[in-house]
Structures are given as C-alpha cells and as structure tokens.
$ cat structure_19.csv   # CSV, C-alpha atoms
chain,number,residue,atom,x,y,z
M,133,HIS,CA,-47.1,-29.5,-64.0
M,134,VAL,CA,-47.9,-31.7,-61.0
M,135,LYS,CA,-45.1,-31.2,-58.4
M,136,PHE,CA,-46.7,-33.2,-55.5
M,137,ASP,CA,-49.8,-35.4,-55.5
M,138,ARG,CA,-51.3,-37.0,-52.4
M,139,PRO,CA,-55.0,-37.2,-51.5
M,140,ALA,CA,-54.9,-34.3,-49.0
M,141,THR,CA,-52.1,-32.3,-50.7
M,142,GLN,CA,-51.7,-31.3,-54.3
M,143,ILE,CA,-49.1,-28.8,-55.6
M,144,HIS,CA,-49.5,-27.8,-59.3
M,145,VAL,CA,-47.6,-25.2,-61.3
M,146,LEU,CA,-49.7,-23.6,-64.0
M,147,GLU,CA,-47.9,-21.8,-66.9
M,148,ASP,CA,-49.3,-18.5,-68.3
M,149,PHE,CA,-52.4,-18.7,-66.0
M,150,ALA,CA,-52.9,-14.9,-65.8
M,151,SER,CA,-52.4,-12.4,-68.6
M,152,GLU,CA,-50.5,-9.1,-68.3
M,153,GLU,CA,-53.9,-7.3,-68.6
M,154,GLU,CA,-55.3,-9.2,-65.6
M,155,CYS,CA,-52.2,-8.5,-63.5
M,156,HIS,CA,-52.3,-4.8,-64.4
M,157,GLU,CA,-56.0,-4.7,-63.4
M,158,MET,CA,-55.3,-6.3,-60.1
M,159,GLU,CA,-52.6,-3.7,-59.4
M,160,ARG,CA,-54.9,-0.9,-60.5
M,161,ARG,CA,-57.7,-2.0,-58.2
M,162,VAL,CA,-55.5,-1.8,-55.1
M,163,GLU,CA,-53.8,1.6,-55.8
M,164,GLY,CA,-53.9,3.6,-52.6
M,165,GLU,CA,-55.4,0.6,-50.6
M,166,LEU,CA,-52.3,-1.3,-49.6
M,167,GLY,CA,-51.6,-1.8,-45.9
M,168,ARG,CA,-49.2,-4.0,-43.9
M,169,ALA,CA,-49.9,-7.7,-44.4
M,170,THR,CA,-51.7,-9.5,-41.5
M,171,THR,CA,-52.4,-13.1,-40.5
M,172,ALA,CA,-55.5,-14.8,-39.2
M,173,ASP,CA,-55.7,-14.5,-35.4
M,174,GLY,CA,-57.7,-17.7,-34.9
M,175,LYS,CA,-60.8,-15.8,-33.7
M,176,GLY,CA,-62.2,-14.7,-37.0
M,177,GLY,CA,-60.0,-11.6,-37.3
M,178,PHE,CA,-56.5,-10.6,-38.3
M,179,THR,CA,-53.4,-9.4,-36.6
M,180,LEU,CA,-49.9,-8.2,-37.5
M,181,ASN,CA,-47.2,-10.8,-37.3
M,182,GLU,CA,-43.4,-10.5,-37.5
M,183,ASN,CA,-43.2,-13.7,-39.5
M,184,ARG,CA,-44.9,-11.8,-42.4
M,185,LYS,CA,-43.5,-8.7,-43.9
M,186,ALA,CA,-45.3,-7.4,-47.0
M,187,MET,CA,-48.1,-5.1,-48.1
M,188,GLN,CA,-51.6,-6.4,-49.0
M,189,ALA,CA,-55.1,-5.3,-50.1
M,190,PHE,CA,-58.3,-7.3,-50.9
M,191,ILE,CA,-59.8,-7.2,-54.4
M,192,THR,CA,-63.6,-7.9,-54.2
M,193,SER,CA,-65.9,-9.3,-56.8
M,194,ASP,CA,-69.7,-9.0,-56.7
M,195,TRP,CA,-70.9,-12.5,-57.5
M,196,SER,CA,-74.5,-11.4,-57.3
M,197,LYS,CA,-74.2,-9.4,-60.5
M,198,ASP,CA,-73.5,-10.5,-64.1
M,199,SER,CA,-69.9,-9.5,-64.3
M,200,SER,CA,-68.9,-11.8,-67.2
M,201,GLU,CA,-67.2,-8.8,-68.9
M,202,ASP,CA,-65.2,-7.8,-65.8
M,203,THR,CA,-61.5,-8.8,-66.0
M,204,ILE,CA,-61.2,-9.7,-62.3
M,205,HIS,CA,-64.4,-11.7,-62.3
M,206,GLN,CA,-63.1,-13.7,-65.2
M,207,LEU,CA,-59.9,-14.4,-63.4
M,208,ASN,CA,-61.8,-15.4,-60.2
M,209,GLN,CA,-64.0,-17.7,-62.2
M,210,ARG,CA,-60.9,-19.4,-63.8
M,211,ILE,CA,-59.4,-20.0,-60.3
M,212,PHE,CA,-62.6,-21.7,-59.2
M,213,ASP,CA,-62.8,-23.7,-62.4
M,214,TYR,CA,-59.3,-25.0,-61.8
M,215,ALA,CA,-59.9,-25.8,-58.1
M,216,ASN,CA,-63.0,-27.7,-59.1
M,217,HIS,CA,-61.1,-29.6,-61.8
M,218,ALA,CA,-58.3,-30.5,-59.5
M,219,LEU,CA,-60.4,-31.5,-56.5
M,220,GLY,CA,-63.6,-32.9,-58.2
M,221,LEU,CA,-65.7,-30.3,-56.4
M,222,ASN,CA,-68.4,-27.7,-57.5
M,223,LEU,CA,-67.2,-24.5,-55.7
M,224,THR,CA,-68.7,-21.2,-56.6
M,225,GLY,CA,-67.6,-17.7,-55.8
M,226,HIS,CA,-70.4,-17.0,-53.4
M,227,GLY,CA,-69.2,-16.8,-49.8
M,228,GLN,CA,-65.6,-17.3,-50.7
M,229,GLU,CA,-62.6,-15.1,-49.7
M,230,SER,CA,-61.8,-12.2,-52.0
M,231,LEU,CA,-58.7,-12.1,-54.1
M,232,MET,CA,-55.8,-10.6,-52.3
M,233,SER,CA,-52.9,-8.6,-53.8
M,234,ILE,CA,-49.7,-9.1,-51.8
M,235,GLN,CA,-46.6,-7.1,-52.7
M,236,TYR,CA,-43.0,-7.6,-51.5
M,237,PHE,CA,-40.3,-5.1,-52.1
M,238,GLY,CA,-36.5,-5.8,-52.2
M,239,ARG,CA,-34.1,-3.5,-50.5
M,240,GLY,CA,-30.8,-5.3,-51.2
M,241,GLU,CA,-28.9,-8.2,-49.7
M,242,ASP,CA,-27.9,-6.1,-46.6
M,243,ASP,CA,-31.5,-5.8,-45.5
M,244,PHE,CA,-31.7,-7.7,-42.1
M,245,GLU,CA,-35.5,-7.7,-42.2
M,246,PRO,CA,-36.4,-8.4,-45.9
M,247,ASP,CA,-40.0,-8.7,-47.1
M,248,ARG,CA,-41.0,-12.4,-46.8
M,249,TYR,CA,-43.6,-14.8,-45.3
M,250,ASN,CA,-42.0,-17.4,-43.0
M,251,SER,CA,-43.1,-21.0,-42.9
M,252,HIS,CA,-46.8,-21.4,-42.4
M,253,CYS,CA,-49.9,-23.3,-43.5
M,254,ASP,CA,-52.8,-21.4,-45.3
M,255,GLY,CA,-55.3,-23.8,-43.8
M,256,HIS,CA,-55.1,-26.5,-41.1
M,257,CYS,CA,-52.3,-29.0,-41.7
M,258,GLN,CA,-52.2,-31.4,-38.8
M,259,GLY,CA,-54.4,-34.1,-40.3
M,260,ASP,CA,-57.5,-32.9,-38.5
M,261,PRO,CA,-61.1,-33.0,-39.9
M,262,LEU,CA,-61.8,-29.9,-42.0
M,263,MET,CA,-63.6,-27.2,-40.0
M,264,HIS,CA,-66.8,-25.7,-41.2
M,265,ALA,CA,-66.0,-23.0,-43.7
M,266,GLY,CA,-62.3,-23.8,-43.5
M,267,ARG,CA,-59.9,-23.1,-46.3
M,268,ILE,CA,-59.2,-26.0,-48.7
M,269,ALA,CA,-56.8,-24.6,-51.3
M,270,THR,CA,-54.8,-21.6,-52.5
M,271,MET,CA,-53.9,-20.1,-55.8
M,272,VAL,CA,-50.8,-17.9,-56.0
M,273,ILE,CA,-50.4,-15.9,-59.2
M,274,TYR,CA,-47.1,-14.3,-60.0
M,275,CYS,CA,-47.7,-10.9,-61.6
M,276,THR,CA,-44.3,-9.2,-61.0
M,277,VAL,CA,-41.3,-11.3,-60.2
M,278,PRO,CA,-38.1,-10.2,-58.3
M,279,SER,CA,-34.6,-10.5,-59.8
M,280,LYS,CA,-33.3,-12.1,-56.6
M,281,GLY,CA,-35.3,-14.1,-54.0
M,282,GLY,CA,-39.0,-14.7,-53.7
M,283,GLN,CA,-39.3,-18.4,-54.3
M,284,THR,CA,-42.1,-20.4,-52.8
M,285,ASN,CA,-40.7,-23.3,-50.8
M,286,PHE,CA,-42.8,-26.3,-49.6
M,287,GLN,CA,-40.2,-27.6,-47.3
M,288,ASN,CA,-42.0,-30.8,-46.2
M,289,ALA,CA,-42.9,-31.7,-49.7
M,290,GLY,CA,-39.4,-31.1,-51.2
M,291,VAL,CA,-40.8,-28.6,-53.7
M,292,THR,CA,-39.4,-25.1,-54.5
M,293,VAL,CA,-41.0,-22.9,-57.1
M,294,LYS,CA,-39.2,-20.0,-58.7
M,295,PRO,CA,-41.6,-17.1,-59.6
M,296,GLN,CA,-42.2,-16.6,-63.3
M,297,GLN,CA,-44.5,-13.8,-64.6
M,298,GLY,CA,-48.0,-15.0,-65.4
M,299,ASN,CA,-47.5,-18.5,-63.8
M,300,ALA,CA,-49.5,-19.7,-60.8
M,301,ILE,CA,-49.2,-22.3,-58.1
M,302,PHE,CA,-52.3,-24.2,-57.0
M,303,PHE,CA,-52.0,-26.1,-53.8
M,304,SER,CA,-54.7,-27.9,-51.8
M,305,TYR,CA,-54.6,-29.1,-48.1
M,306,VAL,CA,-57.7,-31.3,-47.6
M,307,ASP,CA,-58.7,-34.7,-49.0
M,308,PRO,CA,-62.0,-33.9,-50.7
M,309,ILE,CA,-63.3,-37.4,-50.1
M,310,THR,CA,-62.6,-37.8,-46.4
M,311,ASN,CA,-62.4,-34.1,-45.5
M,312,ILE,CA,-59.2,-34.7,-43.5
M,313,THR,CA,-56.6,-32.0,-43.8
M,314,ASP,CA,-53.0,-32.6,-44.9
M,315,ARG,CA,-50.2,-33.4,-42.5
M,316,GLY,CA,-47.8,-30.5,-43.1
M,317,PHE,CA,-47.0,-31.1,-46.8
M,318,SER,CA,-48.6,-27.8,-47.8
M,319,GLN,CA,-46.6,-25.9,-45.2
M,320,HIS,CA,-44.6,-23.3,-47.2
M,321,SER,CA,-42.6,-20.1,-47.1
M,322,GLY,CA,-42.6,-17.0,-49.2
M,323,CYS,CA,-38.8,-16.7,-49.4
M,324,SER,CA,-37.1,-13.3,-48.8
M,325,VAL,CA,-37.2,-10.8,-51.6
M,326,TYR,CA,-33.8,-9.1,-52.0
M,327,GLU,CA,-33.8,-7.4,-55.4
M,328,GLY,CA,-36.8,-6.1,-57.4
M,329,GLU,CA,-40.5,-6.6,-56.5
M,330,LYS,CA,-42.8,-9.6,-56.1
M,331,LYS,CA,-46.5,-9.0,-56.7
M,332,ILE,CA,-48.9,-11.9,-56.4
$ encode --input "structure_19.csv" --output "structure tokens"
Amino acid sequence: HVKFDRPATQIHVLEDFASEEECHEMERRVEGELGRATTADGKGGFTLNENRKAMQAFITSDWSKDSSEDTIHQLNQRIFDYANHALGLNLTGHGQESLMSIQYFGRGEDDFEPDRYNSHCDGHCQGDPLMHAGRIATMVIYCTVPSKGGQTNFQNAGVTVKPQQGNAIFFSYVDPITNITDRGFSQHSGCSVYEGEKKI
C-alpha cells in the first residue's frame, strides 16, 4: 500500500513481509546482546540520546558466503530486492548496515518516560545532496506488536501506521535520479509504547 509518493520520499506499507519463523530467528540471534538504543553522533559513532528509549542489537550477515539457506540472509535479500524495486536501483548487501533488532517495553499509562523514539530523520532530510555512503531508505518490520501505543507517525507527510505483526514499512528519503534528499516528509516518531511489547 503506497501511503506517500514523492520523488525523494516514498512511504509503503507491506503486508505479511516477514514470517513468524523469521521474526523468531531475529529474536533468537540477539538473546543476551541487547543494550540501550543509541543514535548516530554525526562523527561516525553512536551516542545515548534521551529522545530514544529502547533496547537494540545488531544482527549481522556474512555476504561473502553462500548463505542462501540462512533465514536472516533470505530476509535481508528480500529487503534489498524491495528497495531496488521501489527505487530503481541495484543495491547489494555488501557494505550496507546490518539488520538491527529494536525492542520497546510497555510499563503502563502512568509511565512518565515510556519507551519511544521521538521525532527524527533516519537520513538527511533538509533537501541537501546525498552524502557519500549516506542512508537512502529504511525498512521497519513489526515482529511483536503492543496492545497500546507504538504507532509510527510521519507527521509532515500526514501518515500514521499502526503496527501489525509481520507487516513492514518501507520509506525512502532521497530522489534516486537527482540524489537530493527529502525535505522533512520522512521525519517520523516511534510513538510511546504503553502496554505490551514492540519488537521491530
């Protein structure tokens, strides 16, 4: 389902993108590895940020090996296939960021500091030329969904997506023809989780 479509910004909701088996495998791979979620510091590293409250861990794939039977490799490949389809590109997994498991935990409506990710852009979103090796798109896969909260809100695009298990959101933030980044339409929030868990 295409929710927003501009040259530098696309927002698509994909039904049943990930299987229960793939979600379980992602969760299995990060057991004992979760740490407090960070944000990019603009210097090639990461830092803690009060705007983001969640747990995270990377899930790596070895693209140099034939991993066609590996569940995570198959999921990774499907993500790149969709990005290439949507953007008319020919991306491969080599040199790309690893998958990341992000987990949010609800502690009730009285929680004054609920797990969430306040409004942000995953890449540059001021209409600038794309930086070398800059991000161009994101895929969010909903593996576990909360009973209250946890929507993804693209406030400037007027799009709010309610999590549904197995569904995914693909959103891009660069025009693949001009290499100019979008102008804030991909800015989004991971809304507060109050009840249940959100695992993406």
$ atom_distance --input "structure_19.csv" --atom1 "CA of Trp195 in chain M" --atom2 "CA of Gly227 in chain M"
9.0 Å
$ closest_residue --input "structure_19.csv" --among "M:His144, M:Arg168, M:His205, M:Lys331" --to "Ala269 in chain M" --atoms "all atoms listed in the file"
M:His144
$ residues_around --input "structure_19.csv" --residues "Pro295 in chain M" --least-positions-apart "5" --cutoff "8 Å" --atoms "all atoms listed in the file" --output "list in words"
Tyr274, Val277, Pro278, Gly282, Gln283 and Thr284 of chain M
$ closest_atom_pairs --input "structure_19.csv" --of "range 247-321 of chain M" --to "range 234-241 of chain M" --cutoff "10 Å" --atoms "only C-alpha atoms" --output "tab-separated table"
residue	atom	partner	partner_atom	distance
M:Asp247	CA	M:Tyr236	CA	5.4
M:Arg248	CA	M:Tyr236	CA	7.0
M:Tyr249	CA	M:Tyr236	CA	9.5
M:Val272	CA	M:Ile234	CA	9.8
M:Cys275	CA	M:Gln235	CA	9.7
M:Thr276	CA	M:Gln235	CA	8.9
M:Val277	CA	M:Tyr236	CA	9.6
M:Pro278	CA	M:Gly238	CA	7.7
M:Ser279	CA	M:Gly238	CA	9.1
M:Lys280	CA	M:Gly238	CA	8.3
M:Gly281	CA	M:Gly238	CA	8.6
M:Gly282	CA	M:Tyr236	CA	8.4
$ closest_residue --input "structure_19.csv" --among "M:His320, M:Lys330, M:Ala140, M:Arg315" --to "Ser233 in chain M" --atoms "all atoms listed in the file"
M:Lys330
$ atom_distance --input "structure_19.csv" --atom1 "CA of Gly316 in chain M" --atom2 "CA of Cys257 in chain M"
4.9 Å
$ atom_distance --input "structure_19.csv" --atom1 "CA of Phe212 in chain M" --atom2 "CA of His226 in chain M"
10.8 Å
$ residues_around --input "structure_19.csv" --residues "range 259-265 of chain M" --least-positions-apart "6" --cutoff "6 Å" --atoms "all atoms listed in the file" --output "list in words"
Asn311, Ile312, Thr313, Asp314 and Arg315 of chain M
$ closest_residue --input "structure_19.csv" --among "M:Glu201, M:Asp254, M:Asp307, M:Asp148" --to "Arg267 in chain M" --atoms "all atoms listed in the file"
M:Asp254
$ residues_around --input "structure_19.csv" --residues "Ala289 in chain M" --least-positions-apart "2" --cutoff "12 Å" --atoms "only C-alpha atoms" --output "short mmCIF file (atom, residue, chain, number, x, y, z; two decimals) with C-alpha atoms, in the frame of the given file"
data_model
loop_
_atom_site.label_atom_id
_atom_site.label_comp_id
_atom_site.auth_asym_id
_atom_site.auth_seq_id
_atom_site.Cartn_x
_atom_site.Cartn_y
_atom_site.Cartn_z
CA LYS M 135 -45.10 -31.20 -58.40
CA PHE M 136 -46.70 -33.20 -55.50
CA ASP M 137 -49.80 -35.40 -55.50
CA ARG M 138 -51.30 -37.00 -52.40
CA THR M 141 -52.10 -32.30 -50.70
CA GLN M 142 -51.70 -31.30 -54.30
CA ILE M 143 -49.10 -28.80 -55.60
CA THR M 284 -42.10 -20.40 -52.80
CA ASN M 285 -40.70 -23.30 -50.80
CA PHE M 286 -42.80 -26.30 -49.60
CA GLN M 287 -40.20 -27.60 -47.30
CA VAL M 291 -40.80 -28.60 -53.70
CA THR M 292 -39.40 -25.10 -54.50
CA VAL M 293 -41.00 -22.90 -57.10
CA PHE M 303 -52.00 -26.10 -53.80
CA ASP M 314 -53.00 -32.60 -44.90
CA ARG M 315 -50.20 -33.40 -42.50
CA GLY M 316 -47.80 -30.50 -43.10
CA PHE M 317 -47.00 -31.10 -46.80
CA SER M 318 -48.60 -27.80 -47.80
CA GLN M 319 -46.60 -25.90 -45.20
CA HIS M 320 -44.60 -23.30 -47.20
CA SER M 321 -42.60 -20.10 -47.10
#
$ residues_around --input "structure_19.csv" --residues "Ile191 in chain M" --least-positions-apart "2" --cutoff "8 Å" --atoms "all atoms listed in the file" --output "list in words"
Met158, Arg161, Val162, Ala189, Ser193, Ser230, Leu231, Met232 and Ser233 of chain M
$ residues_around --input "structure_19.csv" --residues "Ala169 in chain M" --least-positions-apart "6" --cutoff "8 Å" --atoms "all atoms listed in the file" --output "list in words"
Leu180, Arg184, Lys185, Ala186, Met187, Gln188 and Ile234 of chain M
$ closest_residue --input "structure_19.csv" --among "M:Val134, M:Ile268, M:Phe149, M:Asn183" --to "Gly298 in chain M" --atoms "only C-alpha atoms"
M:Phe149
$ closest_residue --input "structure_19.csv" --among "M:His133, M:Asp202, M:Ile273, M:Asp173" --to "Gln296 in chain M" --atoms "all atoms listed in the file"
M:Ile273
$ closest_residue --input "structure_19.csv" --among "M:Ile332, M:Val306, M:Cys253, M:Leu146" --to "Leu221 in chain M" --atoms "only C-alpha atoms"
M:Val306
$ build_atoms --input "structure_19.csv" --residues "range 276-292 of chain M" --atoms "N, CA and C atoms" --output "mmCIF file, in the coordinates of the input"
data_model
loop_
_atom_site.group_PDB
_atom_site.id
_atom_site.type_symbol
_atom_site.label_atom_id
_atom_site.label_comp_id
_atom_site.auth_asym_id
_atom_site.auth_seq_id
_atom_site.Cartn_x
_atom_site.Cartn_y
_atom_site.Cartn_z
ATOM 1 N N THR M 276 -45.650 -9.866 -60.863
ATOM 2 C CA THR M 276 -44.300 -9.200 -61.000
ATOM 3 C C THR M 276 -43.354 -10.095 -60.226
ATOM 4 N N VAL M 277 -42.198 -10.362 -60.824
ATOM 5 C CA VAL M 277 -41.300 -11.300 -60.200
ATOM 6 C C VAL M 277 -39.953 -10.539 -59.858
ATOM 7 N N PRO M 278 -39.338 -10.875 -58.727
ATOM 8 C CA PRO M 278 -38.100 -10.200 -58.300
ATOM 9 C C PRO M 278 -36.903 -10.759 -59.106
ATOM 10 N N SER M 279 -35.835 -9.983 -59.125
ATOM 11 C CA SER M 279 -34.600 -10.500 -59.800
ATOM 12 C C SER M 279 -33.778 -11.318 -58.823
ATOM 13 N N LYS M 280 -34.046 -11.212 -57.521
ATOM 14 C CA LYS M 280 -33.300 -12.100 -56.600
ATOM 15 C C LYS M 280 -34.249 -12.396 -55.399
ATOM 16 N N GLY M 281 -34.437 -13.692 -55.136
ATOM 17 C CA GLY M 281 -35.300 -14.100 -54.000
ATOM 18 C C GLY M 281 -36.713 -14.342 -54.463
ATOM 19 N N GLY M 282 -37.573 -14.597 -53.457
ATOM 20 C CA GLY M 282 -39.000 -14.700 -53.700
ATOM 21 C C GLY M 282 -39.556 -16.020 -54.097
ATOM 22 N N GLN M 283 -38.758 -17.084 -53.975
ATOM 23 C CA GLN M 283 -39.300 -18.400 -54.300
ATOM 24 C C GLN M 283 -40.355 -18.816 -53.289
ATOM 25 N N THR M 284 -41.172 -19.784 -53.691
ATOM 26 C CA THR M 284 -42.100 -20.400 -52.800
ATOM 27 C C THR M 284 -41.628 -21.787 -52.453
ATOM 28 N N ASN M 285 -41.375 -22.038 -51.175
ATOM 29 C CA ASN M 285 -40.700 -23.300 -50.800
ATOM 30 C C ASN M 285 -41.661 -24.114 -49.891
ATOM 31 N N PHE M 286 -42.056 -25.283 -50.403
ATOM 32 C CA PHE M 286 -42.800 -26.300 -49.600
ATOM 33 C C PHE M 286 -41.828 -27.236 -49.026
ATOM 34 N N GLN M 287 -41.327 -26.901 -47.847
ATOM 35 C CA GLN M 287 -40.200 -27.600 -47.300
ATOM 36 C C GLN M 287 -40.464 -29.086 -47.015
ATOM 37 N N ASN M 288 -41.648 -29.411 -46.531
ATOM 38 C CA ASN M 288 -42.000 -30.800 -46.200
ATOM 39 C C ASN M 288 -42.283 -31.655 -47.399
ATOM 40 N N ALA M 289 -42.620 -31.010 -48.514
ATOM 41 C CA ALA M 289 -42.900 -31.700 -49.700
ATOM 42 C C ALA M 289 -41.700 -31.795 -50.671
ATOM 43 N N GLY M 290 -40.626 -31.077 -50.311
ATOM 44 C CA GLY M 290 -39.400 -31.100 -51.200
ATOM 45 C C GLY M 290 -39.652 -30.349 -52.479
ATOM 46 N N VAL M 291 -40.492 -29.310 -52.476
ATOM 47 C CA VAL M 291 -40.800 -28.600 -53.700
ATOM 48 C C VAL M 291 -40.485 -27.104 -53.510
ATOM 49 N N THR M 292 -39.708 -26.551 -54.441
ATOM 50 C CA THR M 292 -39.400 -25.100 -54.500
ATOM 51 C C THR M 292 -39.800 -24.587 -55.841
#
